[in-house]
Amino acid sequence: MLKKVESYILKNNLLTAGAKVIVGTSGGADSVALLHILKQLGFECIVAHCNFHLRNEESDRDELFVQNLASKLAVEFRKIDFDTVEHAASNKISIEMAARNLRYNWFEALRIEFAAEAIAVAHHADDNVETVLMNLTRGTGLGGMTGIPIRNGSVVRPLLSCTREEIISYLKNNGSNFVTDSTNLKNEYVRNRFRNQLIPLFESINPSFRQTITETIARFEDIEAIYNEHIALEIKKLCQFKNDSTIIDTTILKTKKYAKTILYELLSPCNFHIDTISNVLKSLENAPGSLFYSPTNQLLYDRNQLILTKRTERELNSYIIYKPENELQLPVRMKISERKFDGSINKSAQYATFDSTKLKFPLELRKWQQADSFIPFGMKSHKKVSDFFIDAKINRFEKENIWLLISENKIAWIIGYRTDNRFAVDTETTEIIEFQLIN
């Protein structure tokens, strides 16, 4: 096991001999094995333990175990306490994502404090298999088929070539204890269902299933390298870079059979959703002047080019709604429902009802701008939003808190005030989509 990990570190240039390393140590089998191995290989280890306070006494048990382990091995020990539930709630993210963000941010702060070469974490080959299967279930490209990266910035994974079985065998042979996280046995988490239910099912069909997937991952890594080289050449032909803008030649782009793939590789790093990228391609046929947003960037279709820029501070104050959700937890809380039209419409200002065929996702939620105009419900001509505010006697402070719902760059709803007539229910309507504000 020692020789296998040492060879893997050298082959992938993960660490230099004797380097100072932050070792993420939970107390579980994987991280305990990682710490023992790196220590035996001569690296200067700093043990880093996070107490997320998610498992009551068990969390404190793990902390004490890791502290004692560090003392036994005579290595530096650092720990931190997190209110993970509060962080998840305040940032509107899952508990798992909150724990991940808190953990890696602290690891990086420790790396800088100790001037360490890297942060070592204990993902292994079985984790890689689970990750690839999860990616396939959600839908993925080549990147998702290569699994967990060996290196990600300052984070390295020296155990990716080792199986869980090898790790447990190593610990038993060395008489090393570890603790067990009871949540790993519960199938309420998606990864645990893959680990405890689906993978054993595949192994009943093919006993070598894990090894087969691991070998497939290695093949896809080679394929991805070839793919990335080709995509880089295509991007070089398509793009010019001027100041802070990327100019994409749509004349050339439209000649490519795999235009969507090229555009995806260009735009996904700028946080454009795949649905938005599909709409960008559609706009190239007949919709110059179209503007598309991601959380961080904007894309303008101007004649024979797409112009990609970062969004300004004001423009960042917007959100993309990619598909109908039962409830949205955005700055404006809303319930969304779809149903067949039975002739009834709630006319309260808290509701907005649209013909489902007229409202096109993805939608944008943003603040109003001076040039905005719309066609108020019941009218046939455009009206400036600023003039609507004056007529409705909406004061300056109220205006700052008003949001717009946008469909294909057209205002569908001045939220809480007026819908646009272009999206209204009519005699041809058979299905509707209804938005309800939640106080």
# chains A, B, ... in the order shown; residues from 1 in each chain; ligands from 1

call {"tool": "residues_around", "arguments": {"residues": "segment 146-151 of chain A", "least_positions_apart": "4", "cutoff": "6 Å", "atoms": "only C-alpha atoms", "output": "list of chain:residue names"}}
result
A:Asn128, A:Thr131, A:Val132, A:Val155, A:Val156, A:Arg157, A:Ile217, A:Phe220, A:Glu221

call {"tool": "residues_around", "arguments": {"residues": "segment 357-367 of chain A", "least_positions_apart": "2", "cutoff": "7 Å", "atoms": "only C-alpha atoms", "output": "MDAnalysis selection string"}}
result
chainID A and resid 276 317:323 354:355 369 402:408 423

call {"tool": "write_last_selection", "arguments": {"atoms": "N, CA and C atoms", "output": "PDB file, in the first residue's frame"}}
result
ATOM      1  N   THR A 276     -29.983  27.761 -21.384  1.00  0.00           N
ATOM      2  CA  THR A 276     -29.682  29.087 -21.933  1.00  0.00           C
ATOM      3  C   THR A 276     -28.815  28.960 -23.179  1.00  0.00           C
ATOM      4  N   ASN A 317     -27.498  41.836  -9.933  1.00  0.00           N
ATOM      5  CA  ASN A 317     -28.668  41.775  -9.079  1.00  0.00           C
ATOM      6  C   ASN A 317     -29.840  41.142  -9.824  1.00  0.00           C
ATOM      7  N   SER A 318     -29.614  39.971 -10.392  1.00  0.00           N
ATOM      8  CA  SER A 318     -30.668  39.269 -11.114  1.00  0.00           C
ATOM      9  C   SER A 318     -30.455  37.767 -10.997  1.00  0.00           C
ATOM     10  N   TYR A 319     -31.508  37.012 -11.327  1.00  0.00           N
ATOM     11  CA  TYR A 319     -31.496  35.560 -11.132  1.00  0.00           C
ATOM     12  C   TYR A 319     -32.164  34.893 -12.324  1.00  0.00           C
ATOM     13  N   ILE A 320     -31.717  33.686 -12.630  1.00  0.00           N
ATOM     14  CA  ILE A 320     -32.279  32.928 -13.741  1.00  0.00           C
ATOM     15  C   ILE A 320     -33.162  31.812 -13.182  1.00  0.00           C
ATOM     16  N   ILE A 321     -34.371  31.675 -13.729  1.00  0.00           N
ATOM     17  CA  ILE A 321     -35.292  30.598 -13.371  1.00  0.00           C
ATOM     18  C   ILE A 321     -35.329  29.665 -14.574  1.00  0.00           C
ATOM     19  N   TYR A 322     -34.642  28.532 -14.460  1.00  0.00           N
ATOM     20  CA  TYR A 322     -34.446  27.670 -15.613  1.00  0.00           C
ATOM     21  C   TYR A 322     -35.671  26.846 -15.977  1.00  0.00           C
ATOM     22  N   LYS A 323     -36.481  26.497 -15.005  1.00  0.00           N
ATOM     23  CA  LYS A 323     -37.660  25.677 -15.265  1.00  0.00           C
ATOM     24  C   LYS A 323     -38.678  25.907 -14.158  1.00  0.00           C
ATOM     25  N   PHE A 354     -50.411  33.444 -16.539  1.00  0.00           N
ATOM     26  CA  PHE A 354     -49.968  33.582 -17.920  1.00  0.00           C
ATOM     27  C   PHE A 354     -50.390  32.365 -18.744  1.00  0.00           C
ATOM     28  N   ASP A 355     -50.539  32.584 -20.029  1.00  0.00           N
ATOM     29  CA  ASP A 355     -50.728  31.484 -20.968  1.00  0.00           C
ATOM     30  C   ASP A 355     -49.403  30.708 -21.039  1.00  0.00           C
ATOM     31  N   GLN A 369     -34.982  48.833 -14.977  1.00  0.00           N
ATOM     32  CA  GLN A 369     -33.988  49.769 -15.498  1.00  0.00           C
ATOM     33  C   GLN A 369     -34.706  50.901 -16.233  1.00  0.00           C
ATOM     34  N   ILE A 402     -38.698  46.854  -6.284  1.00  0.00           N
ATOM     35  CA  ILE A 402     -39.576  46.195  -7.246  1.00  0.00           C
ATOM     36  C   ILE A 402     -38.745  45.341  -8.199  1.00  0.00           C
ATOM     37  N   TRP A 403     -39.239  44.120  -8.416  1.00  0.00           N
ATOM     38  CA  TRP A 403     -38.569  43.180  -9.317  1.00  0.00           C
ATOM     39  C   TRP A 403     -39.432  42.936 -10.549  1.00  0.00           C
ATOM     40  N   LEU A 404     -38.746  42.573 -11.635  1.00  0.00           N
ATOM     41  CA  LEU A 404     -39.425  42.242 -12.885  1.00  0.00           C
ATOM     42  C   LEU A 404     -39.201  40.779 -13.221  1.00  0.00           C
ATOM     43  N   LEU A 405     -40.235  40.159 -13.797  1.00  0.00           N
ATOM     44  CA  LEU A 405     -40.115  38.805 -14.333  1.00  0.00           C
ATOM     45  C   LEU A 405     -39.989  38.940 -15.844  1.00  0.00           C
ATOM     46  N   ILE A 406     -38.906  38.409 -16.403  1.00  0.00           N
ATOM     47  CA  ILE A 406     -38.568  38.612 -17.811  1.00  0.00           C
ATOM     48  C   ILE A 406     -38.636  37.294 -18.567  1.00  0.00           C
ATOM     49  N   SER A 407     -39.292  37.305 -19.726  1.00  0.00           N
ATOM     50  CA  SER A 407     -39.326  36.147 -20.612  1.00  0.00           C
ATOM     51  C   SER A 407     -38.851  36.586 -21.993  1.00  0.00           C
ATOM     52  N   GLU A 408     -37.784  35.965 -22.466  1.00  0.00           N
ATOM     53  CA  GLU A 408     -37.205  36.295 -23.777  1.00  0.00           C
ATOM     54  C   GLU A 408     -37.001  37.792 -23.942  1.00  0.00           C
ATOM     55  N   PHE A 423     -48.535  38.262 -22.628  1.00  0.00           N
ATOM     56  CA  PHE A 423     -48.501  36.938 -22.019  1.00  0.00           C
ATOM     57  C   PHE A 423     -49.845  36.542 -21.422  1.00  0.00           C
TER      58      PHE A 423
END

call {"tool": "select_by_dssp", "arguments": {"residues": "segment 211-362 of chain A", "states": "strand (DSSP E)", "output": "count of residues only"}}
result
44

call {"tool": "residues_around", "arguments": {"residues": "Ser26 of chain A", "least_positions_apart": "2", "cutoff": "8 Å", "atoms": "only C-alpha atoms", "output": "list of chain:residue names"}}
result
A:Gly24, A:Gly28, A:Ser31, A:Val32, A:His49, A:Cys50, A:Asp62, A:Glu63, A:Val66

call {"tool": "write_last_selection", "arguments": {"atoms": "N, CA and C atoms", "output": "mmCIF file, in the first residue's frame"}}
result
data_model
loop_
_atom_site.group_PDB
_atom_site.id
_atom_site.type_symbol
_atom_site.label_atom_id
_atom_site.label_comp_id
_atom_site.auth_asym_id
_atom_site.auth_seq_id
_atom_site.Cartn_x
_atom_site.Cartn_y
_atom_site.Cartn_z
ATOM 1 N N GLY A 24 -6.608 16.714 5.692
ATOM 2 C CA GLY A 24 -7.977 16.725 6.183
ATOM 3 C C GLY A 24 -8.285 15.387 6.844
ATOM 4 N N GLY A 28 -12.418 8.971 10.134
ATOM 5 C CA GLY A 28 -12.861 7.775 9.431
ATOM 6 C C GLY A 28 -11.685 7.001 8.855
ATOM 7 N N SER A 31 -9.385 8.796 5.926
ATOM 8 C CA SER A 31 -8.497 9.897 6.314
ATOM 9 C C SER A 31 -7.436 9.436 7.305
ATOM 10 N N VAL A 32 -7.756 8.460 8.171
ATOM 11 C CA VAL A 32 -6.756 7.918 9.096
ATOM 12 C C VAL A 32 -5.654 7.209 8.308
ATOM 13 N N HIS A 49 -8.970 19.122 11.442
ATOM 14 C CA HIS A 49 -10.248 18.453 11.725
ATOM 15 C C HIS A 49 -11.370 19.482 11.853
ATOM 16 N N CYS A 50 -12.484 19.234 11.161
ATOM 17 C CA CYS A 50 -13.671 20.096 11.230
ATOM 18 C C CYS A 50 -14.748 19.417 12.068
ATOM 19 N N ASP A 62 -15.583 12.150 17.447
ATOM 20 C CA ASP A 62 -14.638 12.164 16.321
ATOM 21 C C ASP A 62 -13.512 13.160 16.568
ATOM 22 N N GLU A 63 -13.875 14.337 17.074
ATOM 23 C CA GLU A 63 -12.870 15.373 17.340
ATOM 24 C C GLU A 63 -11.832 14.882 18.343
ATOM 25 N N VAL A 66 -9.471 12.257 16.752
ATOM 26 C CA VAL A 66 -8.460 12.822 15.851
ATOM 27 C C VAL A 66 -7.389 13.560 16.649
#

call {"tool": "atom_distance", "arguments": {"atom1": "atom CA of Met134 of chain A", "atom2": "atom CA of Asn279 of chain A"}}
result
26.7 Å

call {"tool": "atom_distance", "arguments": {"atom1": "atom CA of Ile336 of chain A", "atom2": "atom CA of Arg311 of chain A"}}
result
27.7 Å

call {"tool": "residues_around", "arguments": {"residues": "Arg339 of chain A", "least_positions_apart": "2", "cutoff": "8 Å", "atoms": "only C-alpha atoms", "output": "MDAnalysis selection string"}}
result
chainID A and resid 337 341 431:433

call {"tool": "closest_residue", "arguments": {"among": "A:Ser373, A:Gln298, A:Asn196, A:Asn56", "to": "Val385 of chain A", "atoms": "only C-alpha atoms"}}
result
A:Ser373

call {"tool": "residues_around", "arguments": {"residues": "Lys335 of chain A", "least_positions_apart": "6", "cutoff": "7 Å", "atoms": "only C-alpha atoms", "output": "PyMOL selection string"}}
result
chain A and resi 326-328+435-437

call {"tool": "write_last_selection", "arguments": {"atoms": "C-alpha atoms", "output": "PDB file, in the first residue's frame"}}
result
ATOM      1  CA  ASN A 326     -42.969  24.380  -6.969  1.00  0.00           C
ATOM      2  CA  GLU A 327     -41.440  27.129  -4.859  1.00  0.00           C
ATOM      3  CA  LEU A 328     -38.630  29.626  -5.424  1.00  0.00           C
ATOM      4  CA  PHE A 435     -47.156  32.689  -9.853  1.00  0.00           C
ATOM      5  CA  GLN A 436     -48.126  33.424  -6.261  1.00  0.00           C
ATOM      6  CA  LEU A 437     -46.107  35.763  -4.038  1.00  0.00           C
TER       7      LEU A 437
END

call {"tool": "atom_distance", "arguments": {"atom1": "atom CA of Glu428 of chain A", "atom2": "atom CA of Asn346 of chain A"}}
result
18.6 Å

call {"tool": "residues_around", "arguments": {"residues": "His87 of chain A", "least_positions_apart": "4", "cutoff": "12 Å", "atoms": "only C-alpha atoms", "output": "mmCIF file with N, CA and C atoms, in the first residue's frame"}}
result
data_model
loop_
_atom_site.group_PDB
_atom_site.id
_atom_site.type_symbol
_atom_site.label_atom_id
_atom_site.label_comp_id
_atom_site.auth_asym_id
_atom_site.auth_seq_id
_atom_site.Cartn_x
_atom_site.Cartn_y
_atom_site.Cartn_z
ATOM 1 N N PHE A 52 -18.483 19.769 12.486
ATOM 2 C CA PHE A 52 -19.643 20.419 11.885
ATOM 3 C C PHE A 52 -20.867 20.412 12.812
ATOM 4 N N PHE A 82 -17.917 24.554 13.407
ATOM 5 C CA PHE A 82 -18.787 25.250 12.457
ATOM 6 C C PHE A 82 -20.254 25.091 12.862
ATOM 7 N N ASP A 83 -21.015 26.181 12.699
ATOM 8 C CA ASP A 83 -22.476 26.091 12.790
ATOM 9 C C ASP A 83 -22.965 25.855 11.363
ATOM 10 N N ASN A 91 -27.118 30.978 3.531
ATOM 11 C CA ASN A 91 -26.652 31.019 2.144
ATOM 12 C C ASN A 91 -27.566 30.272 1.181
ATOM 13 N N LYS A 92 -28.677 29.724 1.726
ATOM 14 C CA LYS A 92 -29.679 29.015 0.920
ATOM 15 C C LYS A 92 -29.050 27.895 0.091
ATOM 16 N N ILE A 93 -28.234 27.080 0.785
ATOM 17 C CA ILE A 93 -27.611 25.931 0.145
ATOM 18 C C ILE A 93 -27.849 24.697 1.007
ATOM 19 N N SER A 94 -27.547 23.521 0.454
ATOM 20 C CA SER A 94 -27.749 22.288 1.200
ATOM 21 C C SER A 94 -26.725 22.165 2.325
ATOM 22 N N ILE A 95 -27.042 21.309 3.309
ATOM 23 C CA ILE A 95 -26.101 21.036 4.397
ATOM 24 C C ILE A 95 -24.792 20.489 3.835
ATOM 25 N N GLU A 96 -24.895 19.567 2.850
ATOM 26 C CA GLU A 96 -23.696 18.978 2.267
ATOM 27 C C GLU A 96 -22.813 20.037 1.610
ATOM 28 N N MET A 97 -23.439 20.949 0.855
ATOM 29 C CA MET A 97 -22.665 22.001 0.195
ATOM 30 C C MET A 97 -22.069 22.967 1.218
ATOM 31 N N ALA A 98 -22.834 23.281 2.267
ATOM 32 C CA ALA A 98 -22.327 24.173 3.314
ATOM 33 C C ALA A 98 -21.088 23.572 3.967
ATOM 34 N N ALA A 99 -21.162 22.277 4.316
ATOM 35 C CA ALA A 99 -20.023 21.609 4.954
ATOM 36 C C ALA A 99 -18.809 21.606 4.028
ATOM 37 N N ARG A 100 -19.056 21.358 2.752
ATOM 38 C CA ARG A 100 -17.944 21.325 1.794
ATOM 39 C C ARG A 100 -17.279 22.696 1.693
ATOM 40 N N ASN A 101 -18.080 23.757 1.540
ATOM 41 C CA ASN A 101 -17.524 25.108 1.415
ATOM 42 C C ASN A 101 -16.741 25.509 2.661
ATOM 43 N N LEU A 102 -17.327 25.257 3.832
ATOM 44 C CA LEU A 102 -16.666 25.616 5.089
ATOM 45 C C LEU A 102 -15.345 24.865 5.229
#

call {"tool": "closest_residue", "arguments": {"among": "A:Ile375, A:Val190, A:Ala19, A:Ile247", "to": "Asn135 of chain A", "atoms": "only C-alpha atoms"}}
result
A:Val190

call {"tool": "residues_around", "arguments": {"residues": "Gln350 of chain A", "least_positions_apart": "2", "cutoff": "12 Å", "atoms": "only C-alpha atoms", "output": "PyMOL selection string"}}
result
chain A and resi 332-335+345-348+352-353+413-419+434-439

call {"tool": "closest_residue", "arguments": {"among": "A:Thr309, A:Asn206, A:Gln40, A:Ser59", "to": "Leu291 of chain A", "atoms": "only C-alpha atoms"}}
result
A:Thr309

call {"tool": "select_by_dssp", "arguments": {"residues": "segment 200-323 of chain A", "states": "helix (DSSP H, G or I)", "output": "PyMOL selection string"}}
result
chain A and resi 200-205+209-238+250-253+259-270+274-286

call {"tool": "decode", "arguments": {"residues": "segment 55-66 of chain A", "atoms": "N, CA and C atoms", "output": "PDB file, in the first residue's frame"}}
result
ATOM      1  N   ARG A  55     -23.875  15.702  14.268  1.00  0.00           N
ATOM      2  CA  ARG A  55     -24.206  14.377  14.791  1.00  0.00           C
ATOM      3  C   ARG A  55     -24.089  14.308  16.316  1.00  0.00           C
ATOM      4  N   ASN A  56     -24.330  15.470  16.966  1.00  0.00           N
ATOM      5  CA  ASN A  56     -24.356  15.550  18.430  1.00  0.00           C
ATOM      6  C   ASN A  56     -23.083  14.965  19.042  1.00  0.00           C
ATOM      7  N   GLU A  57     -23.245  13.990  19.982  1.00  0.00           N
ATOM      8  CA  GLU A  57     -22.088  13.440  20.706  1.00  0.00           C
ATOM      9  C   GLU A  57     -21.087  12.769  19.766  1.00  0.00           C
ATOM     10  N   GLU A  58     -21.584  12.218  18.665  1.00  0.00           N
ATOM     11  CA  GLU A  58     -20.697  11.535  17.727  1.00  0.00           C
ATOM     12  C   GLU A  58     -19.692  12.496  17.107  1.00  0.00           C
ATOM     13  N   SER A  59     -20.117  13.733  16.839  1.00  0.00           N
ATOM     14  CA  SER A  59     -19.204  14.739  16.285  1.00  0.00           C
ATOM     15  C   SER A  59     -18.080  15.044  17.269  1.00  0.00           C
ATOM     16  N   ASP A  60     -18.428  15.174  18.556  1.00  0.00           N
ATOM     17  CA  ASP A  60     -17.408  15.445  19.579  1.00  0.00           C
ATOM     18  C   ASP A  60     -16.503  14.234  19.787  1.00  0.00           C
ATOM     19  N   ARG A  61     -17.062  13.033  19.676  1.00  0.00           N
ATOM     20  CA  ARG A  61     -16.258  11.813  19.761  1.00  0.00           C
ATOM     21  C   ARG A  61     -15.186  11.798  18.673  1.00  0.00           C
ATOM     22  N   ASP A  62     -15.583  12.150  17.447  1.00  0.00           N
ATOM     23  CA  ASP A  62     -14.638  12.164  16.321  1.00  0.00           C
ATOM     24  C   ASP A  62     -13.512  13.160  16.568  1.00  0.00           C
ATOM     25  N   GLU A  63     -13.875  14.337  17.074  1.00  0.00           N
ATOM     26  CA  GLU A  63     -12.870  15.373  17.340  1.00  0.00           C
ATOM     27  C   GLU A  63     -11.832  14.882  18.343  1.00  0.00           C
ATOM     28  N   LEU A  64     -12.295  14.264  19.429  1.00  0.00           N
ATOM     29  CA  LEU A  64     -11.381  13.765  20.452  1.00  0.00           C
ATOM     30  C   LEU A  64     -10.491  12.658  19.888  1.00  0.00           C
ATOM     31  N   PHE A  65     -11.080  11.789  19.058  1.00  0.00           N
ATOM     32  CA  PHE A  65     -10.295  10.708  18.456  1.00  0.00           C
ATOM     33  C   PHE A  65      -9.163  11.269  17.598  1.00  0.00           C
ATOM     34  N   VAL A  66      -9.471  12.257  16.752  1.00  0.00           N
ATOM     35  CA  VAL A  66      -8.460  12.822  15.851  1.00  0.00           C
ATOM     36  C   VAL A  66      -7.389  13.560  16.649  1.00  0.00           C
TER      37      VAL A  66
END
